There are 2 protein chains.
Amino acid sequence: MNNISKEDYLSAIYKFRDEDGEIKPNLIAETLAISNAAVTDMLRKLSTDGLVDYKKYKGIKLTVEGENYAKNMVRRHRIWETFLNRVLGISWDKVHDEAEKLEHSSSDELINKIEEYLDFPESDPHGYPIPDRKGKLPKHKIAVAISELTKSDKAEVIRVNDTNQGLLSYISKIGIELGKVILIKDILAFDGSMLLTINNQDVNISKAIASNIFVEKIV
Amino acid sequence: MNNISKEDYLSAIYKFRDEDGEIKPNLIAETLAISNAAVTDMLRKLSTDGLVDYKKYKGIKLTVEGENYAKNMVRRHRIWETFLNRVLGISWDKVHDEAEKLEHSSSDELINKIEEYLDFPESDPHGYPIPDRKGKLPKHKIAVAISELTKSDKAEVIRVNDTNQGLLSYISKIGIELGKVILIKDILAFDGSMLLTINNQDVNISKAIASNIFVEKIV
DNA sequence: CTTTATTTTTAAGCATACCTAAATTAGCGC
DNA sequence: GCGCTAATTTAGGTATGCTTAAAAATAAAG
């Protein structure tokens with residue numbers, strides 16, 4: 001049985017559901033770049049499979065089984081990303097796309113072997129936590145977007161949004177990587193763009209970029 | 001575009017064609033465990049794609065493009081097998097199935113990176129040669145099946161048929177691996193089964209098994 | 001609270017990759 | 001070369017996962 005599509009739906013739901021764990025078909029359709037009608041179709045199937053709670057025109061939620069499945073996909077994805085980056089030296093802006101394909105083609109045993117080889121990593125190259133074999137997520141630091149900071153704040157980069165390759169390669173280019181310390185020198189009221197110091201150099205980033213880089217404030 | 005099926009057809013044709021490079025639909029169907037009708041269907045598509053030369057009721061051949069594609073699939077497969085075995089320590093009877101899935105989900109760039117990491121291996125864990133980036137196969141020893149040997153022959157194991165997991169794990173169990181030297185002590189006329197010495201121990205193998213283990217005679 | 005806009009679902013249809021059953025062609029013994 | 005058997009192709013059909021267009025339900029605006 002080929003589950004690639006189903007796995008993509010579950011991952012999308014898991015990733016983009018709100019605080020109550022709910023998501024609207026529309027958002028799934030956008031995320032997967034398919035029609036709303038296709039989403040309705042698949043939701044009925046996933047519901048029959050017991051992976052989502054679905055009632056017409058009502059909010060969509062993962063069942064416990066669905067959430068476990070999705071979390072396992074996230075685990076596979078992040079372990080592959082970590083492997084590709086650490087072992088093969090593939091840059092953090094390229095690992096996402098490769099992992100996206102590999103995650104559908106690997107047995108749990110294989111993922112476990114890779115995890116072991118990597119000595120049980122707790123986060124992927126973008127700073128996202130990796131669920132363990134039982135689905136438990138490691139405790140991780142509380143992340144704040146740079147855009148939430150104020151003038152003179154000092155902070156350490158701990159996570160970067162991994163969904164946009166262009167963003168990632170741009171971020172690398174200006175010298176930002178996990179663990180780096182930044183200082184907010186100024187915020188432009190006009191458009192919210194920010195002037196930071198990093199590596200003793202001043203760089204200017206737009207608000208949109210600032211809201212995709214997450215940090216931990218240093219007191 | 002999803003090419004998994006097409007890739008499986010090309011690999012099967014490449015692997016099981018005869019000395020003239022030809023293969024019959026029937027054999028493809030058996031190999032892929034599907035109906036003859038499905039094969040006819042797909043052959044027409046592969047022909048339109050310019051990957052096989054196909055005319056109704058005539059022999060089937062890969063085109064140059066089809067052969068290159070197939071050889072690249074073999075390359076992916078064998079590099080993955082080598083990686084799984086050497087790096088992750090997965091036994092040779094399990095690498096085939098994992099590689100079968102991974103080979104459809106990896107870019108050429110990824111395969112090249114793995115190849116580099118493995119320092120350009122020339123053969124996979126079962127002794128099959130790995131095509132290089134240009135499709136060139138490394139020169140390898142001339143392999144003879146054990147079943148072709150005669151009494152008192154001495155030989156080194158250099159290749160083992162990798163398509164049957166049960167066979168591989170059985171072979172391991174009796175102590176056979178690549179590089180091991182065997183001695184033919186006796187051949188039973190009744191059923192062609194053979195008595196070998198390996199690791200200073202005598203083992204008896206059926207003719208069927210003997211014909212799936214390939215060696216190089218030691219003079 | 002009613003009208004309008006948006007979201008979601010239904011309906012009908014398409015491509016892929018398979019299936020079974022029937023028809024056709026090829027290959028072989030004699 | 002004839003007849004039988006096996007291989008191959010055609011015909012018709014199925015499940016999956018999409019599509020667009022229309023209908024139905026919900027959400028938003030005044």
# chains A, B, ... in the order shown; residues from 1 in each chain; ligands from 1
call {"tool": "select_by_dssp", "arguments": {"residues": "segment 47-93 of chain B", "states": "strand (DSSP E or B)", "output": "ChimeraX atom specification"}}
result
/B:52-53,60-62
call {"tool": "write_last_selection", "arguments": {"atoms": "N, CA and C atoms", "output": "PDB file, in the first residue's frame"}}
result
ATOM      1  N   VAL B  52      12.244   2.402 -24.100  1.00  0.00           N
ATOM      2  CA  VAL B  52      12.412   1.041 -24.638  1.00  0.00           C
ATOM      3  C   VAL B  52      12.018   1.000 -26.104  1.00  0.00           C
ATOM      4  N   ASP B  53      12.662   0.071 -26.825  1.00  0.00           N
ATOM      5  CA  ASP B  53      12.238  -0.233 -28.189  1.00  0.00           C
ATOM      6  C   ASP B  53      11.201  -1.327 -28.065  1.00  0.00           C
ATOM      7  N   ILE B  60      11.855  -7.103 -26.598  1.00  0.00           N
ATOM      8  CA  ILE B  60      11.922  -5.792 -25.963  1.00  0.00           C
ATOM      9  C   ILE B  60      13.372  -5.470 -25.626  1.00  0.00           C
ATOM     10  N   LYS B  61      13.759  -4.246 -25.962  1.00  0.00           N
ATOM     11  CA  LYS B  61      15.125  -3.800 -25.674  1.00  0.00           C
ATOM     12  C   LYS B  61      15.087  -2.406 -25.060  1.00  0.00           C
ATOM     13  N   LEU B  62      16.019  -2.107 -24.204  1.00  0.00           N
ATOM     14  CA  LEU B  62      16.145  -0.742 -23.707  1.00  0.00           C
ATOM     15  C   LEU B  62      16.773   0.125 -24.805  1.00  0.00           C
TER      16      LEU B  62
END
call {"tool": "calpha_fit_and_write", "arguments": {"fixed": "chain A", "moving": "chain B", "output": "mmCIF file with C-alpha atoms, in the first residue's frame"}}
result
data_model
loop_
_atom_site.group_PDB
_atom_site.id
_atom_site.type_symbol
_atom_site.label_atom_id
_atom_site.label_comp_id
_atom_site.auth_asym_id
_atom_site.auth_seq_id
_atom_site.Cartn_x
_atom_site.Cartn_y
_atom_site.Cartn_z
ATOM 1 C CA MET B 1 -0.115 0.100 -0.039
ATOM 2 C CA ASN B 2 1.170 3.506 -0.994
ATOM 3 C CA ASN B 3 0.708 6.047 1.770
ATOM 4 C CA ILE B 4 2.708 8.987 0.520
ATOM 5 C CA SER B 5 -0.276 11.302 0.075
ATOM 6 C CA LYS B 6 -1.874 10.341 3.351
ATOM 7 C CA GLU B 7 1.405 10.863 5.149
ATOM 8 C CA ASP B 8 1.731 14.316 3.610
ATOM 9 C CA TYR B 9 -1.752 15.252 4.790
ATOM 10 C CA LEU B 10 -1.069 14.043 8.322
ATOM 11 C CA SER B 11 2.226 15.926 8.484
ATOM 12 C CA ALA B 12 0.596 19.097 7.209
ATOM 13 C CA ILE B 13 -2.235 18.869 9.725
ATOM 14 C CA TYR B 14 0.193 18.186 12.553
ATOM 15 C CA LYS B 15 2.411 21.063 11.591
ATOM 16 C CA PHE B 16 -0.164 23.746 10.923
ATOM 17 C CA ARG B 17 -2.978 23.030 13.381
ATOM 18 C CA ASP B 18 -3.773 25.700 15.969
ATOM 19 C CA GLU B 19 -3.399 25.654 19.763
ATOM 20 C CA ASP B 20 -6.590 23.629 20.101
ATOM 21 C CA GLY B 21 -5.217 21.060 17.662
ATOM 22 C CA GLU B 22 -7.647 22.127 14.956
ATOM 23 C CA ILE B 23 -7.102 23.065 11.340
ATOM 24 C CA LYS B 24 -9.259 24.181 8.416
ATOM 25 C CA PRO B 25 -9.365 22.403 5.059
ATOM 26 C CA ASN B 26 -8.349 25.617 3.357
ATOM 27 C CA LEU B 27 -5.002 25.709 5.135
ATOM 28 C CA ILE B 28 -4.282 22.083 4.303
ATOM 29 C CA ALA B 29 -5.045 22.798 0.657
ATOM 30 C CA GLU B 30 -2.686 25.785 0.633
ATOM 31 C CA THR B 31 0.081 23.902 2.384
ATOM 32 C CA LEU B 32 -0.057 20.979 -0.032
ATOM 33 C CA ALA B 33 -0.810 23.207 -3.041
ATOM 34 C CA ILE B 34 -3.937 21.307 -4.012
ATOM 35 C CA SER B 35 -7.637 22.145 -4.324
ATOM 36 C CA ASN B 36 -10.055 22.334 -1.422
ATOM 37 C CA ALA B 37 -12.084 19.590 -3.064
ATOM 38 C CA ALA B 38 -9.149 17.197 -2.927
ATOM 39 C CA VAL B 39 -8.808 17.896 0.771
ATOM 40 C CA THR B 40 -12.467 17.086 1.442
ATOM 41 C CA ASP B 41 -11.973 13.806 -0.438
ATOM 42 C CA MET B 42 -8.949 12.791 1.549
ATOM 43 C CA LEU B 43 -10.353 13.869 4.895
ATOM 44 C CA ARG B 44 -13.197 11.413 4.431
ATOM 45 C CA LYS B 45 -10.674 8.646 3.790
ATOM 46 C CA LEU B 46 -8.484 9.592 6.734
ATOM 47 C CA SER B 47 -11.596 9.660 8.882
ATOM 48 C CA THR B 48 -12.551 6.145 7.752
ATOM 49 C CA ASP B 49 -9.008 5.068 8.561
ATOM 50 C CA GLY B 50 -9.464 6.461 12.057
ATOM 51 C CA LEU B 51 -6.658 8.974 11.673
ATOM 52 C CA VAL B 52 -8.649 12.213 11.866
ATOM 53 C CA ASP B 53 -11.864 13.315 13.511
ATOM 54 C CA TYR B 54 -13.863 14.811 10.705
ATOM 55 C CA LYS B 55 -17.432 16.026 10.428
ATOM 56 C CA LYS B 56 -18.663 18.118 7.545
ATOM 57 C CA TYR B 57 -18.085 21.838 7.997
ATOM 58 C CA LYS B 58 -16.594 21.239 11.432
ATOM 59 C CA GLY B 59 -13.041 21.656 12.673
ATOM 60 C CA ILE B 60 -10.551 18.926 11.855
ATOM 61 C CA LYS B 61 -8.499 17.194 14.519
ATOM 62 C CA LEU B 62 -6.062 14.309 14.493
ATOM 63 C CA THR B 63 -7.127 11.252 16.477
ATOM 64 C CA VAL B 64 -4.601 9.797 18.907
ATOM 65 C CA GLU B 65 -3.621 7.294 16.229
ATOM 66 C CA GLY B 66 -3.348 10.044 13.619
ATOM 67 C CA GLU B 67 -1.205 12.166 15.901
ATOM 68 C CA ASN B 68 1.122 9.267 16.581
ATOM 69 C CA TYR B 69 1.443 8.607 12.876
ATOM 70 C CA ALA B 70 2.122 12.280 12.172
ATOM 71 C CA LYS B 71 4.649 12.559 14.973
ATOM 72 C CA ASN B 72 6.456 9.556 13.571
ATOM 73 C CA MET B 73 6.629 11.270 10.179
ATOM 74 C CA VAL B 74 8.095 14.348 11.837
ATOM 75 C CA ARG B 75 10.588 12.094 13.574
ATOM 76 C CA ARG B 76 11.611 10.491 10.291
ATOM 77 C CA HIS B 77 11.910 13.840 8.620
ATOM 78 C CA ARG B 78 14.071 15.435 11.292
ATOM 79 C CA ILE B 79 16.317 12.430 11.713
ATOM 80 C CA TRP B 80 16.948 12.348 7.977
ATOM 81 C CA GLU B 81 17.664 16.090 7.977
ATOM 82 C CA THR B 82 20.111 15.694 10.821
ATOM 83 C CA PHE B 83 21.817 12.804 9.102
ATOM 84 C CA LEU B 84 22.090 14.597 5.759
ATOM 85 C CA ASN B 85 23.536 17.663 7.430
ATOM 86 C CA ARG B 86 25.860 16.129 10.000
ATOM 87 C CA VAL B 87 27.128 13.099 8.117
ATOM 88 C CA LEU B 88 26.970 14.092 4.476
ATOM 89 C CA GLY B 89 27.549 17.792 5.042
ATOM 90 C CA ILE B 90 24.505 18.944 3.088
ATOM 91 C CA SER B 91 23.677 22.557 3.932
ATOM 92 C CA TRP B 92 20.610 23.352 6.013
ATOM 93 C CA ASP B 93 18.792 24.983 3.121
ATOM 94 C CA LYS B 94 18.922 21.765 1.080
ATOM 95 C CA VAL B 95 18.216 19.041 3.631
ATOM 96 C CA HIS B 96 14.487 19.726 3.826
ATOM 97 C CA ASP B 97 13.644 18.722 0.270
ATOM 98 C CA GLU B 98 15.715 15.537 0.345
ATOM 99 C CA ALA B 99 14.274 14.515 3.701
ATOM 100 C CA GLU B 100 10.768 15.143 2.394
ATOM 101 C CA LYS B 101 11.280 12.349 -0.109
ATOM 102 C CA LEU B 102 13.231 9.958 2.097
ATOM 103 C CA GLU B 103 10.779 10.120 4.994
ATOM 104 C CA HIS B 104 8.226 8.164 2.978
ATOM 105 C CA SER B 105 10.658 5.402 2.066
ATOM 106 C CA SER B 106 12.207 4.315 5.301
ATOM 107 C CA SER B 107 11.193 1.670 7.787
ATOM 108 C CA ASP B 108 11.113 2.453 11.488
ATOM 109 C CA GLU B 109 14.037 0.082 11.940
ATOM 110 C CA LEU B 110 16.131 2.105 9.510
ATOM 111 C CA ILE B 111 15.232 5.372 11.222
ATOM 112 C CA ASN B 112 16.162 3.858 14.581
ATOM 113 C CA LYS B 113 19.536 2.769 13.196
ATOM 114 C CA ILE B 114 20.264 6.240 11.881
ATOM 115 C CA GLU B 115 19.196 7.776 15.169
ATOM 116 C CA GLU B 116 21.577 5.463 16.979
ATOM 117 C CA TYR B 117 24.386 6.292 14.564
ATOM 118 C CA LEU B 118 23.811 9.998 15.267
ATOM 119 C CA ASP B 119 23.824 9.253 19.003
ATOM 120 C CA PHE B 120 20.185 10.194 19.577
ATOM 121 C CA PRO B 121 20.082 13.822 18.428
ATOM 122 C CA GLU B 122 17.532 16.068 20.132
ATOM 123 C CA SER B 123 17.068 18.619 17.381
ATOM 124 C CA ASP B 124 17.364 18.934 13.627
ATOM 125 C CA PRO B 125 19.628 21.381 11.736
ATOM 126 C CA HIS B 126 16.992 24.119 11.988
ATOM 127 C CA GLY B 127 16.559 23.698 15.716
ATOM 128 C CA TYR B 128 13.317 21.703 15.723
ATOM 129 C CA PRO B 129 13.023 18.965 18.375
ATOM 130 C CA ILE B 130 13.101 15.298 17.324
ATOM 131 C CA PRO B 131 10.472 12.997 18.872
ATOM 132 C CA ASP B 132 11.942 9.823 20.385
ATOM 133 C CA ARG B 133 10.859 6.253 19.574
ATOM 134 C CA LYS B 134 7.870 6.586 21.849
ATOM 135 C CA GLY B 135 6.824 9.915 20.368
ATOM 136 C CA LYS B 136 8.091 11.969 23.278
ATOM 137 C CA LEU B 137 9.491 15.378 22.380
ATOM 138 C CA PRO B 138 12.588 16.541 24.233
ATOM 139 C CA LYS B 139 12.147 19.629 26.380
ATOM 140 C CA HIS B 140 13.342 22.589 24.447
ATOM 141 C CA LYS B 141 13.863 26.243 25.055
ATOM 142 C CA ILE B 142 11.034 28.712 24.639
ATOM 143 C CA ALA B 143 11.488 30.358 21.301
ATOM 144 C CA VAL B 144 10.568 33.935 20.477
ATOM 145 C CA ALA B 145 10.650 35.391 16.986
ATOM 146 C CA ILE B 146 13.203 38.146 16.502
ATOM 147 C CA SER B 147 10.314 40.365 15.456
ATOM 148 C CA GLU B 148 9.047 40.223 19.056
ATOM 149 C CA LEU B 149 12.231 41.683 20.480
ATOM 150 C CA THR B 150 12.788 45.322 21.352
ATOM 151 C CA LYS B 151 15.734 47.665 21.001
ATOM 152 C CA SER B 152 18.894 46.636 22.870
ATOM 153 C CA ASP B 153 17.688 43.065 23.382
ATOM 154 C CA LYS B 154 20.342 40.400 23.188
ATOM 155 C CA ALA B 155 19.420 36.851 22.173
ATOM 156 C CA GLU B 156 20.696 33.522 20.923
ATOM 157 C CA VAL B 157 19.392 31.991 17.690
ATOM 158 C CA ILE B 158 17.816 28.628 18.508
ATOM 159 C CA ARG B 159 15.455 27.868 15.660
ATOM 160 C CA VAL B 160 14.757 28.879 12.076
ATOM 161 C CA ASN B 161 11.668 28.237 9.986
ATOM 162 C CA ASP B 162 12.646 25.383 7.658
ATOM 163 C CA THR B 163 9.909 25.511 5.069
ATOM 164 C CA ASN B 164 11.431 28.060 2.732
ATOM 165 C CA GLN B 165 14.701 27.251 1.030
ATOM 166 C CA GLY B 166 15.260 30.802 -0.214
ATOM 167 C CA LEU B 167 14.830 32.173 3.284
ATOM 168 C CA LEU B 168 17.306 29.672 4.702
ATOM 169 C CA SER B 169 20.023 30.335 2.195
ATOM 170 C CA TYR B 170 19.548 34.094 2.636
ATOM 171 C CA ILE B 171 19.796 33.753 6.396
ATOM 172 C CA SER B 172 23.021 31.792 6.014
ATOM 173 C CA LYS B 173 24.405 34.431 3.722
ATOM 174 C CA ILE B 174 23.991 37.164 6.327
ATOM 175 C CA GLY B 175 25.808 35.020 8.882
ATOM 176 C CA ILE B 176 22.948 33.724 10.965
ATOM 177 C CA GLU B 177 23.151 30.159 12.251
ATOM 178 C CA LEU B 178 22.027 28.254 15.338
ATOM 179 C CA GLY B 179 23.844 29.320 18.492
ATOM 180 C CA LYS B 180 24.814 32.746 17.192
ATOM 181 C CA VAL B 181 24.146 35.741 19.423
ATOM 182 C CA ILE B 182 22.408 38.788 18.026
ATOM 183 C CA LEU B 183 21.840 42.263 19.344
ATOM 184 C CA ILE B 184 18.941 44.477 18.303
ATOM 185 C CA LYS B 185 20.399 47.857 17.438
ATOM 186 C CA ASP B 186 17.332 49.486 16.017
ATOM 187 C CA ILE B 187 13.805 48.909 14.799
ATOM 188 C CA LEU B 188 12.401 51.003 12.009
ATOM 189 C CA ALA B 189 8.878 52.127 12.823
ATOM 190 C CA PHE B 190 7.998 52.569 9.158
ATOM 191 C CA ASP B 191 8.019 48.895 8.136
ATOM 192 C CA GLY B 192 9.187 47.065 11.232
ATOM 193 C CA SER B 193 12.523 46.150 9.655
ATOM 194 C CA MET B 194 15.319 45.605 12.137
ATOM 195 C CA LEU B 195 18.975 46.430 12.414
ATOM 196 C CA LEU B 196 20.956 43.707 14.169
ATOM 197 C CA THR B 197 24.530 43.139 15.115
ATOM 198 C CA ILE B 198 25.804 39.661 14.434
ATOM 199 C CA ASN B 199 29.437 38.579 14.178
ATOM 200 C CA ASN B 200 30.310 42.231 14.923
ATOM 201 C CA GLN B 201 28.599 43.222 11.730
ATOM 202 C CA ASP B 202 25.418 45.194 11.232
ATOM 203 C CA VAL B 203 22.706 43.665 9.109
ATOM 204 C CA ASN B 204 19.246 44.823 8.250
ATOM 205 C CA ILE B 205 16.391 42.349 7.981
ATOM 206 C CA SER B 206 12.749 42.801 7.037
ATOM 207 C CA LYS B 207 9.985 42.128 9.517
ATOM 208 C CA ALA B 208 8.976 39.042 7.522
ATOM 209 C CA ILE B 209 12.419 37.542 7.927
ATOM 210 C CA ALA B 210 12.598 38.545 11.575
ATOM 211 C CA SER B 211 9.396 36.655 12.271
ATOM 212 C CA ASN B 212 10.908 33.431 10.937
ATOM 213 C CA ILE B 213 14.009 33.400 13.091
ATOM 214 C CA PHE B 214 13.511 32.289 16.676
ATOM 215 C CA VAL B 215 15.712 33.128 19.604
ATOM 216 C CA GLU B 216 16.088 32.850 23.354
ATOM 217 C CA LYS B 217 16.549 36.137 25.125
ATOM 218 C CA ILE B 218 19.717 36.578 27.098
ATOM 219 C CA VAL B 219 19.086 38.492 30.303
#
call {"tool": "closest_atom_pairs", "arguments": {"of": "chain C", "to": "chain B", "cutoff": "9 Å", "atoms": "only C-alpha atoms (C1' of nucleotides)", "output": "CSV"}}
result
residue,atom,partner,partner_atom,distance
C:DA17,C1',B:Ala38,CA,7.6
C:DC18,C1',B:Ala38,CA,6.5
C:DC19,C1',B:Ser35,CA,7.7
C:DT25,C1',B:Tyr57,CA,7.5
C:DA26,C1',B:Tyr57,CA,7.9
call {"tool": "select_by_dssp", "arguments": {"residues": "segment 9-213 of chain A", "states": "helix (DSSP H, G or I)", "output": "PyMOL selection string"}}
result
chain A and resi 9-16+25-32+36-48+64-86+95-105+108-117+146-148+165-173+207-210
call {"tool": "atom_distance", "arguments": {"atom1": "atom C1' of DT4 of chain C", "atom2": "atom C1' of DA25 of chain D"}}
result
13.9 Å
call {"tool": "residues_around", "arguments": {"residues": "DG27 of chain C", "least_positions_apart": "6", "cutoff": "12 Å", "atoms": "only C-alpha atoms (C1' of nucleotides)", "output": "tab-separated table (two decimals) with N, CA and C atoms (P, O5', C5', C4', C3', O3' and C1' of nucleotides), in the first residue's frame"}}
result
chain	number	residue	atom	x	y	z
B	57	TYR	N	4.54	-8.04	-30.08
B	57	TYR	CA	4.96	-9.42	-30.26
B	57	TYR	C	6.44	-9.58	-30.59
D	4	DC	P	-6.15	-29.61	-32.25
D	4	DC	O5'	-5.16	-29.30	-31.05
D	4	DC	C5'	-4.11	-30.23	-30.72
D	4	DC	C4'	-3.06	-29.50	-29.88
D	4	DC	C3'	-3.64	-28.74	-28.68
D	4	DC	O3'	-2.95	-29.18	-27.52
D	4	DC	C1'	-2.21	-27.33	-29.95
D	5	DT	P	-3.43	-28.69	-26.05
D	5	DT	O5'	-2.26	-27.69	-25.66
D	5	DT	C5'	-0.88	-28.09	-25.83
D	5	DT	C4'	-0.01	-26.89	-25.53
D	5	DT	C3'	-0.44	-26.06	-24.32
D	5	DT	O3'	0.71	-25.82	-23.54
D	5	DT	C1'	-0.24	-24.66	-26.21
D	6	DA	P	0.62	-25.08	-22.14
D	6	DA	O5'	1.53	-23.80	-22.40
D	6	DA	C5'	2.69	-23.89	-23.24
D	6	DA	C4'	3.11	-22.49	-23.62
D	6	DA	C3'	2.94	-21.48	-22.49
D	6	DA	O3'	4.11	-20.67	-22.46
D	6	DA	C1'	1.75	-20.75	-24.39
D	7	DA	P	4.29	-19.46	-21.43
D	7	DA	O5'	4.23	-18.20	-22.41
D	7	DA	C5'	5.07	-18.16	-23.56
D	7	DA	C4'	4.70	-16.94	-24.38
D	7	DA	C3'	4.69	-15.62	-23.60
D	7	DA	O3'	5.41	-14.69	-24.39
D	7	DA	C1'	2.61	-15.93	-24.70
call {"tool": "interface_residues", "arguments": {"of": "chain D", "to": "chain A", "cutoff": "10 Å", "atoms": "only C-alpha atoms (C1' of nucleotides)", "output": "list in words"}}
result
DT16, DG17, DC18, DT19, DT20, DA25 and DT26 of chain D
call {"tool": "atom_distance", "arguments": {"atom1": "atom C1' of DA15 of chain C", "atom2": "atom C1' of DA24 of chain D"}}
result
28.9 Å
call {"tool": "residues_around", "arguments": {"residues": "DG30 of chain D", "least_positions_apart": "6", "cutoff": "12 Å", "atoms": "only C-alpha atoms (C1' of nucleotides)", "output": "list of chain:residue names"}}
result
C:DC1, C:DT2, C:DT3, C:DT4
